[in-house]
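Notes to accompany the following structure.
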Amino acid sequence: MRFVELVRFALGAIVAHPMRSALTSLGVVIGVAAVVMMTAIGLGAQQRVTGAISGLGSNLIIVMPNFQRGPVSQGAGSGMSLRDSDAEAIARQVEDVAAVAPSVTSRAQMNADGANWNTRVEGVTPDYLIARDLIVAQGRMFDAREARQGKKVIVVGPTVARQLWGDADPVGRRIRVRTVPFEVIGVLESKGNAGLGQDQDDVALAPLEAVRSRLVGRRFRGDTIQTIYVKSTDADSLDRVQEDVIDLLRDQHRIRQGEEDDFQTQNMASILATMQAAVATFTVFLAAVAAVSLVVGGVGIMNIMLVSVTERTREIGLRMAVGARRSDVLIQFALESVALSMAGGLIGLAIGIGGALGVAKLAGWPAAIPPWAAPLALGFSMAVGLVFGAYPSWRAARLDPIEALRRE
């Protein structure tokens with residue numbers, strides 16, 4: 001018998017029982033769809049995390065007070081151990097540093113032209129733009145002289161500008177931060193949502209001295225600061241810069257050998273790598289769990305194929321009696337199994353891609369359909385059909401023609 005005829009016989013047997021064929025393929029459909037969806041959702045989440053952390057600044061080290069120093073936590077705000085002199089020492093003594101930006105942060109109510117908005121106000125220096133990879137889209141950033149003198153000027157993010165002035169140009173307008181009047185001199189370029197529950201455009205930047213003396217009050221006396229952003233010149237020097245910063249600050253704070261630091265550092269590259277590894281591991285775990293349903297689908301195919309062999313015993317005997325070889329019977333039933341599994345794989349692939357796109361749209365993160373999704377789905381479904389259809393095919397091929405013809 002020719003191979004084309006074997007394919008025709010196999011497809012004819014599938015089409016002859018459409019409902020049974022559909023239910024047989026259902027397990028493979030669910031398995032392939034689940035694997036594709038879990039993998040795509042995991043990759044989308046990984047891209048979202050990468051974008052969120054990268055948006056905070058590249059080659060960045062964040063230095064903060066260690067509020068947990070000692071046997072009892074003192075709480076945020078009670079152990080401000082960083083000072084202007086620490087930032088100056090880092091900029092002066094640590095090599096391969098592109099920018100050092102001390103800052104303090106406070107939430108404040110803003111009022112302008114009859115509108116009001118509550119946002120995050122950052123007291124910073126001009127180097128903050130370099131450290132955080134920010135760009136001024138309209139107007140300008142305050143300079144070093146204005147920062148040093150604590151001028152009441154402010155640069156707002158796109159979200160703040162939109163909430164207070166709509167589509168109007170805010171540059172040159174007056175704004176009251178709590179009760180303190182400021183002049184808007186610039187608008188930042190949009191960076192979008194960080195993906196970690198924080199809108200990076202919902203921010204306002206003002207000179208460090210102005211915020212420290214007029215907005216944050218007693219929490220930051222004198223030259224106390226809340227955070228130091230240190231940007232290295234390149235990714236290769238990031239770890240070494242972090243070590244140098246730690247050593248320098250221990251000397252600055254006179255911390256003896258064996259004593260706990262009164263500050264902590266965060267390396268954005270290390271955080272990104274850790275987060276990516278965690279998301280990737282979770283994605284593999286979800287895909288592995290989803291792949292179990294492929295095995296269930298394979299068992300269903302084997303079950304139906306065994307039933308089919310029993311039902312068609314007389315037909316098999318008749319074909320073998322008129323000249324069909326055992327290999328022809330084996331190939332025909334194997335083709336039926338593979339066809340059922342491949343059909344389920346194609347349908348599952350379509351459902352998986354559609355489901356992944358839908359979830360990505362609802363969750364607001366990028367849709368990440370891996371390029372290997374289609375070959376993986378079809379390869380898995382073909383393997384399931386071959387493996388779980390092997391025994392029923394072999395059993396059909398081993399039937400004795402005379403005994404098969406006697407079967408009612």
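Numbering starts fresh at 1 for the residues of each chain in the structure tokens, the chains themselves are lettered A, B, ... in the order given, and ligands are numbered from 1 as they appear.
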
Select from segment 226-322 of chain A everything DSSP, run on the backbone, classes as strand (DSSP E), then give the selection as a PyMOL selection string.
-> chain A and resi 227-232+263-267

With C-alpha atoms retained, export the selected residues as a PDB file, in the first residue's frame.
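File written: part_2.pdb
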```pdb
ATOM      1  CA  THR A 227      19.900  58.467  49.773  1.00  0.00           C
ATOM      2  CA  ILE A 228      23.061  58.660  47.676  1.00  0.00           C
ATOM      3  CA  TYR A 229      22.874  57.555  44.040  1.00  0.00           C
ATOM      4  CA  VAL A 230      26.249  56.500  42.650  1.00  0.00           C
ATOM      5  CA  LYS A 231      26.556  55.830  38.909  1.00  0.00           C
ATOM      6  CA  SER A 232      29.612  53.989  37.657  1.00  0.00           C
ATOM      7  CA  PHE A 263      24.392  52.056  55.828  1.00  0.00           C
ATOM      8  CA  GLN A 264      23.433  49.624  53.070  1.00  0.00           C
ATOM      9  CA  THR A 265      24.139  49.510  49.341  1.00  0.00           C
ATOM     10  CA  GLN A 266      22.069  48.099  46.523  1.00  0.00           C
ATOM     11  CA  ASN A 267      23.563  47.165  43.186  1.00  0.00           C
TER      12      ASN A 267
END
```

Which residues are close to Gln93 of chain A, i.e. within 10 Å by only C-alpha atoms, leaving aside same-chain residues fewer than 4 positions away? Reply as a PDB file with N, CA and C atoms, in the first residue's frame.
```pdb
ATOM      1  N   GLU A  88      30.248  63.797  48.926  1.00  0.00           N
ATOM      2  CA  GLU A  88      31.419  64.516  48.421  1.00  0.00           C
ATOM      3  C   GLU A  88      32.651  63.626  48.428  1.00  0.00           C
ATOM      4  N   ALA A  89      32.812  62.816  49.471  1.00  0.00           N
ATOM      5  CA  ALA A  89      33.959  61.916  49.550  1.00  0.00           C
ATOM      6  C   ALA A  89      33.913  60.857  48.453  1.00  0.00           C
ATOM      7  N   VAL A  97      33.615  56.716  38.730  1.00  0.00           N
ATOM      8  CA  VAL A  97      32.281  57.177  39.113  1.00  0.00           C
ATOM      9  C   VAL A  97      31.857  58.282  38.153  1.00  0.00           C
ATOM     10  N   ASP A 244      34.405  49.811  46.772  1.00  0.00           N
ATOM     11  CA  ASP A 244      35.138  51.017  47.170  1.00  0.00           C
ATOM     12  C   ASP A 244      34.251  51.964  47.966  1.00  0.00           C
ATOM     13  N   VAL A 245      32.983  52.074  47.578  1.00  0.00           N
ATOM     14  CA  VAL A 245      32.047  52.929  48.310  1.00  0.00           C
ATOM     15  C   VAL A 245      31.840  52.402  49.736  1.00  0.00           C
ATOM     16  N   LEU A 248      35.012  53.116  51.768  1.00  0.00           N
ATOM     17  CA  LEU A 248      35.142  54.546  52.058  1.00  0.00           C
ATOM     18  C   LEU A 248      34.171  54.990  53.146  1.00  0.00           C
TER      19      LEU A 248
END
```

All residues 10 Å or closer to Arg176 of chain A, only C-alpha atoms, same chain fewer than 5 positions away omitted, as a ChimeraX atom specification | /A:108-113,116,181-183

Give me the residues within 10 Å of Pro158 of chain A as a ChimeraX atom specification, counting only C-alpha atoms and dropping any in the same chain fewer than 6 places off.
-> /A:137,166,187-192,200-204

Written file, previous selection with N, CA, C and O atoms, as a PDB file, in the first residue's frame:
```
ATOM      1  N   ALA A 137      12.703  67.343  29.035  1.00  0.00           N
ATOM      2  CA  ALA A 137      12.085  67.470  27.719  1.00  0.00           C
ATOM      3  C   ALA A 137      11.730  68.916  27.400  1.00  0.00           C
ATOM      4  O   ALA A 137      11.799  69.331  26.231  1.00  0.00           O
ATOM      5  N   GLY A 166      -2.865  70.123  32.523  1.00  0.00           N
ATOM      6  CA  GLY A 166      -3.387  69.502  31.317  1.00  0.00           C
ATOM      7  C   GLY A 166      -2.366  69.537  30.196  1.00  0.00           C
ATOM      8  O   GLY A 166      -1.219  69.136  30.374  1.00  0.00           O
ATOM      9  N   VAL A 187      10.286  70.317  32.556  1.00  0.00           N
ATOM     10  CA  VAL A 187       9.452  69.112  32.589  1.00  0.00           C
ATOM     11  C   VAL A 187      10.314  67.939  32.127  1.00  0.00           C
ATOM     12  O   VAL A 187      10.989  68.026  31.094  1.00  0.00           O
ATOM     13  N   LEU A 188      10.289  66.855  32.882  1.00  0.00           N
ATOM     14  CA  LEU A 188      11.084  65.682  32.551  1.00  0.00           C
ATOM     15  C   LEU A 188      10.482  64.907  31.380  1.00  0.00           C
ATOM     16  O   LEU A 188       9.266  64.943  31.153  1.00  0.00           O
ATOM     17  N   GLU A 189      11.330  64.199  30.671  1.00  0.00           N
ATOM     18  CA  GLU A 189      10.854  63.287  29.629  1.00  0.00           C
ATOM     19  C   GLU A 189      10.224  62.063  30.287  1.00  0.00           C
ATOM     20  O   GLU A 189      10.695  61.586  31.314  1.00  0.00           O
ATOM     21  N   SER A 190       9.171  61.543  29.693  1.00  0.00           N
ATOM     22  CA  SER A 190       8.441  60.425  30.290  1.00  0.00           C
ATOM     23  C   SER A 190       9.288  59.152  30.320  1.00  0.00           C
ATOM     24  O   SER A 190       9.984  58.830  29.366  1.00  0.00           O
ATOM     25  N   LYS A 191       9.199  58.454  31.454  1.00  0.00           N
ATOM     26  CA  LYS A 191       9.846  57.146  31.586  1.00  0.00           C
ATOM     27  C   LYS A 191       8.830  56.037  31.788  1.00  0.00           C
ATOM     28  O   LYS A 191       9.184  54.871  31.859  1.00  0.00           O
ATOM     29  N   GLY A 192       7.540  56.398  31.928  1.00  0.00           N
ATOM     30  CA  GLY A 192       6.494  55.394  32.052  1.00  0.00           C
ATOM     31  C   GLY A 192       6.420  54.793  33.437  1.00  0.00           C
ATOM     32  O   GLY A 192       7.052  55.240  34.394  1.00  0.00           O
ATOM     33  N   GLN A 200       6.974  56.418  37.430  1.00  0.00           N
ATOM     34  CA  GLN A 200       8.216  57.189  37.459  1.00  0.00           C
ATOM     35  C   GLN A 200       8.026  58.621  37.002  1.00  0.00           C
ATOM     36  O   GLN A 200       8.905  59.465  37.220  1.00  0.00           O
ATOM     37  N   ASP A 201       6.907  58.914  36.350  1.00  0.00           N
ATOM     38  CA  ASP A 201       6.637  60.276  35.893  1.00  0.00           C
ATOM     39  C   ASP A 201       5.931  61.116  36.951  1.00  0.00           C
ATOM     40  O   ASP A 201       5.776  62.323  36.767  1.00  0.00           O
ATOM     41  N   ASP A 202       5.491  60.476  38.024  1.00  0.00           N
ATOM     42  CA  ASP A 202       4.795  61.195  39.098  1.00  0.00           C
ATOM     43  C   ASP A 202       5.819  61.642  40.133  1.00  0.00           C
ATOM     44  O   ASP A 202       5.931  61.076  41.227  1.00  0.00           O
ATOM     45  N   VAL A 203       6.586  62.671  39.793  1.00  0.00           N
ATOM     46  CA  VAL A 203       7.685  63.123  40.643  1.00  0.00           C
ATOM     47  C   VAL A 203       7.978  64.586  40.345  1.00  0.00           C
ATOM     48  O   VAL A 203       7.645  65.094  39.263  1.00  0.00           O
ATOM     49  N   ALA A 204       8.572  65.251  41.301  1.00  0.00           N
ATOM     50  CA  ALA A 204       9.053  66.620  41.103  1.00  0.00           C
ATOM     51  C   ALA A 204      10.442  66.727  41.714  1.00  0.00           C
ATOM     52  O   ALA A 204      10.698  66.189  42.794  1.00  0.00           O
TER      53      ALA A 204
END
```

Any idea what's packed within 12 Å of Ala360 of chain A, counting only C-alpha atoms, ignoring anything in its chain fewer than 2 positions away? Could you give it as a list in words?
->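 Contacts, with the query itself left out: Met37, Met38, Ala40, Ile41, Gly42, Leu43, Gly44, Ala45, Gln47, Arg48, Ile353, Gly354, Gly355, Ala356, Leu357, Gly358, Leu362, Ala363, Gly364, Trp365, Pro366, Ala367, Ala368 and Ile369 of chain A.
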
Produce a file of the selected residues containing all heavy atoms, as a compact mmCIF listing (two decimals), in the first residue's frame.
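The file below, selection-v8.txt, is the result:
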```txt
# COMPACT_ATOMS: atom_id res chain seq x y z
N MET A 37 1.10 29.33 27.22
CA MET A 37 0.65 30.48 28.02
C MET A 37 1.58 30.74 29.20
O MET A 37 1.97 31.88 29.46
CB MET A 37 -0.78 30.24 28.53
CG MET A 37 -1.86 30.50 27.51
SD MET A 37 -3.52 30.39 28.24
CE MET A 37 -3.48 31.77 29.39
N MET A 38 1.92 29.70 29.93
CA MET A 38 2.79 29.88 31.10
C MET A 38 4.15 30.42 30.71
O MET A 38 4.71 31.30 31.37
CB MET A 38 2.94 28.56 31.85
CG MET A 38 1.69 28.05 32.54
SD MET A 38 1.04 29.21 33.79
CE MET A 38 -0.29 29.98 32.85
N ALA A 40 4.92 32.16 27.92
CA ALA A 40 4.80 33.53 27.41
C ALA A 40 4.55 34.51 28.55
O ALA A 40 5.13 35.61 28.58
CB ALA A 40 3.66 33.61 26.39
N ILE A 41 3.69 34.14 29.50
CA ILE A 41 3.41 35.03 30.63
C ILE A 41 4.67 35.22 31.48
O ILE A 41 4.98 36.32 31.94
CB ILE A 41 2.25 34.46 31.47
CG1 ILE A 41 0.94 34.56 30.69
CG2 ILE A 41 2.13 35.20 32.80
CD1 ILE A 41 -0.22 33.84 31.35
N GLY A 42 5.42 34.12 31.68
CA GLY A 42 6.66 34.23 32.44
C GLY A 42 7.68 35.14 31.77
O GLY A 42 8.33 35.97 32.43
N LEU A 43 7.83 35.01 30.45
CA LEU A 43 8.77 35.87 29.72
C LEU A 43 8.31 37.32 29.74
O LEU A 43 9.13 38.24 29.85
CB LEU A 43 8.91 35.38 28.28
CG LEU A 43 9.64 34.05 28.09
CD1 LEU A 43 9.63 33.64 26.61
CD2 LEU A 43 11.08 34.15 28.57
N GLY A 44 6.99 37.54 29.65
CA GLY A 44 6.47 38.90 29.74
C GLY A 44 6.74 39.52 31.10
O GLY A 44 7.13 40.69 31.20
N ALA A 45 6.55 38.72 32.15
CA ALA A 45 6.84 39.21 33.50
C ALA A 45 8.32 39.52 33.66
O ALA A 45 8.70 40.51 34.30
CB ALA A 45 6.40 38.17 34.52
N GLN A 47 10.39 40.48 31.28
CA GLN A 47 10.66 41.73 30.57
C GLN A 47 10.17 42.93 31.36
O GLN A 47 10.82 43.99 31.37
CB GLN A 47 9.99 41.70 29.20
CG GLN A 47 10.63 40.74 28.21
CD GLN A 47 9.99 40.80 26.85
OE1 GLN A 47 9.19 41.69 26.55
NE2 GLN A 47 10.32 39.84 25.99
N ARG A 48 9.03 42.75 32.05
CA ARG A 48 8.50 43.86 32.84
C ARG A 48 9.43 44.18 34.01
O ARG A 48 9.70 45.34 34.31
CB ARG A 48 7.11 43.51 33.36
CG ARG A 48 6.42 44.68 34.04
CD ARG A 48 5.06 44.30 34.56
NE ARG A 48 4.33 45.45 35.04
CZ ARG A 48 3.18 45.39 35.67
NH1 ARG A 48 2.63 44.21 35.89
NH2 ARG A 48 2.57 46.47 36.07
N ILE A 353 -1.35 31.16 22.45
CA ILE A 353 -0.91 32.49 22.01
C ILE A 353 -1.99 33.52 22.28
O ILE A 353 -1.72 34.62 22.80
CB ILE A 353 -0.55 32.46 20.51
CG1 ILE A 353 0.71 31.61 20.30
CG2 ILE A 353 -0.33 33.87 19.98
CD1 ILE A 353 1.09 31.43 18.85
N GLY A 354 -3.25 33.18 21.95
CA GLY A 354 -4.35 34.12 22.21
C GLY A 354 -4.51 34.41 23.69
O GLY A 354 -4.70 35.56 24.10
N GLY A 355 -4.41 33.36 24.53
CA GLY A 355 -4.52 33.57 25.97
C GLY A 355 -3.39 34.40 26.53
O GLY A 355 -3.60 35.27 27.38
N ALA A 356 -2.17 34.18 26.04
CA ALA A 356 -1.01 34.95 26.52
C ALA A 356 -1.15 36.42 26.13
O ALA A 356 -0.86 37.31 26.95
CB ALA A 356 0.28 34.37 25.94
N LEU A 357 -1.61 36.70 24.91
CA LEU A 357 -1.81 38.08 24.49
C LEU A 357 -2.90 38.76 25.31
O LEU A 357 -2.78 39.93 25.70
CB LEU A 357 -2.17 38.13 23.00
CG LEU A 357 -1.06 37.70 22.03
CD1 LEU A 357 -1.59 37.68 20.60
CD2 LEU A 357 0.14 38.63 22.13
N GLY A 358 -3.97 38.00 25.61
CA GLY A 358 -5.05 38.56 26.42
C GLY A 358 -4.61 38.88 27.84
O GLY A 358 -4.91 39.95 28.38
N LEU A 362 -4.40 42.59 29.67
CA LEU A 362 -5.09 42.89 30.93
C LEU A 362 -4.11 43.31 32.02
O LEU A 362 -4.40 44.20 32.82
CB LEU A 362 -5.89 41.67 31.38
CG LEU A 362 -7.12 41.30 30.54
CD1 LEU A 362 -7.73 40.00 31.04
CD2 LEU A 362 -8.16 42.42 30.59
N ALA A 363 -2.95 42.65 32.06
CA ALA A 363 -1.97 42.94 33.12
C ALA A 363 -1.14 44.18 32.81
O ALA A 363 -0.49 44.72 33.71
CB ALA A 363 -1.04 41.74 33.31
N GLY A 364 -1.16 44.64 31.55
CA GLY A 364 -0.42 45.83 31.20
C GLY A 364 1.08 45.63 31.05
O GLY A 364 1.86 46.55 31.24
N TRP A 365 1.50 44.40 30.73
CA TRP A 365 2.92 44.18 30.51
C TRP A 365 3.14 43.68 29.09
O TRP A 365 2.20 43.31 28.39
CB TRP A 365 3.53 43.24 31.54
CG TRP A 365 2.97 41.85 31.60
CD1 TRP A 365 2.58 41.05 30.57
CD2 TRP A 365 2.74 41.08 32.79
NE1 TRP A 365 2.14 39.84 31.04
CE2 TRP A 365 2.23 39.83 32.39
CE3 TRP A 365 2.95 41.31 34.15
CZ2 TRP A 365 1.91 38.83 33.31
CZ3 TRP A 365 2.63 40.31 35.05
CH2 TRP A 365 2.11 39.10 34.63
N PRO A 366 4.39 43.67 28.61
CA PRO A 366 4.63 43.30 27.21
C PRO A 366 4.27 41.85 26.93
O PRO A 366 4.48 40.97 27.76
CB PRO A 366 6.15 43.53 27.04
CG PRO A 366 6.71 43.49 28.42
CD PRO A 366 5.63 44.04 29.32
N ALA A 367 3.71 41.63 25.74
CA ALA A 367 3.40 40.28 25.30
C ALA A 367 4.68 39.65 24.76
O ALA A 367 5.31 40.18 23.84
CB ALA A 367 2.32 40.30 24.21
N ALA A 368 5.09 38.54 25.34
CA ALA A 368 6.35 37.90 24.95
C ALA A 368 6.08 36.48 24.49
O ALA A 368 6.09 35.54 25.28
CB ALA A 368 7.34 37.91 26.12
N ILE A 369 5.80 36.33 23.20
CA ILE A 369 5.61 35.00 22.62
C ILE A 369 6.97 34.52 22.13
O ILE A 369 7.54 35.08 21.20
CB ILE A 369 4.60 35.03 21.46
CG1 ILE A 369 3.29 35.70 21.89
CG2 ILE A 369 4.36 33.62 20.95
CD1 ILE A 369 2.58 35.00 23.00
```

Which residues are near Asp261 of chain A? Cut-off 8 Å, only C-alpha atoms, ignore same chain within fewer than 2 positions. Put them as a tab-separated table (two decimals) with C-alpha atoms, in the first residue's frame.
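And here's out-v2.tsv as it stands now:
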```tsv
chain	number	residue	atom	x	y	z
A	66	ASN	CA	20.74	50.90	57.63
A	69	ARG	CA	21.60	48.37	62.87
A	250	ARG	CA	33.14	52.63	56.77
A	255	ILE	CA	33.16	51.74	61.84
A	259	GLU	CA	30.97	46.11	63.52
A	263	PHE	CA	24.39	52.06	55.83
A	264	GLN	CA	23.43	49.62	53.07
```

Option closest in space to Leu306 of chain A, from A:Val289, A:Ala396, A:Ala144, A:Val216 [counting only C-alpha atoms] = A:Ala396

Identify, on the basis of only C-alpha atoms, every residue whose closest approach to Val329 of chain A does not exceed 7 Å; exclude the query and any residue fewer than 4 positions from it along the same chain; express the result as a PyMOL selection string.
-> chain A and resi 325+333+396-397

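In this comparison, which uses only C-alpha atoms, the residue of A:Ser293, A:Gln226, A:Thr233, A:Gln138 approaching Ala87 of chain A most closely is A:Gln226.
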
Would you work out the distance separating atom CA of Tyr128 of chain A from atom CA of Ala115 of chain A, expressed in Å to one decimal?
-> 27.9 Å

Computed gap from atom CA of Leu346 of chain A to atom CA of Phe282 of chain A is 25.5 Å

Of the candidates A:Ile301, A:Ala206, A:Ala291, A:Met382, which shows the shortest atom-to-atom distance to Ala22 of chain A, using only C-alpha atoms?
->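 Nearest to Ala22 of chain A: A:Ile301.
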
Coordinates-based distance that separates atom CA of Asp199 of chain A from atom CA of Arg174 of chain A (Å, one decimal) = 23.5 Å
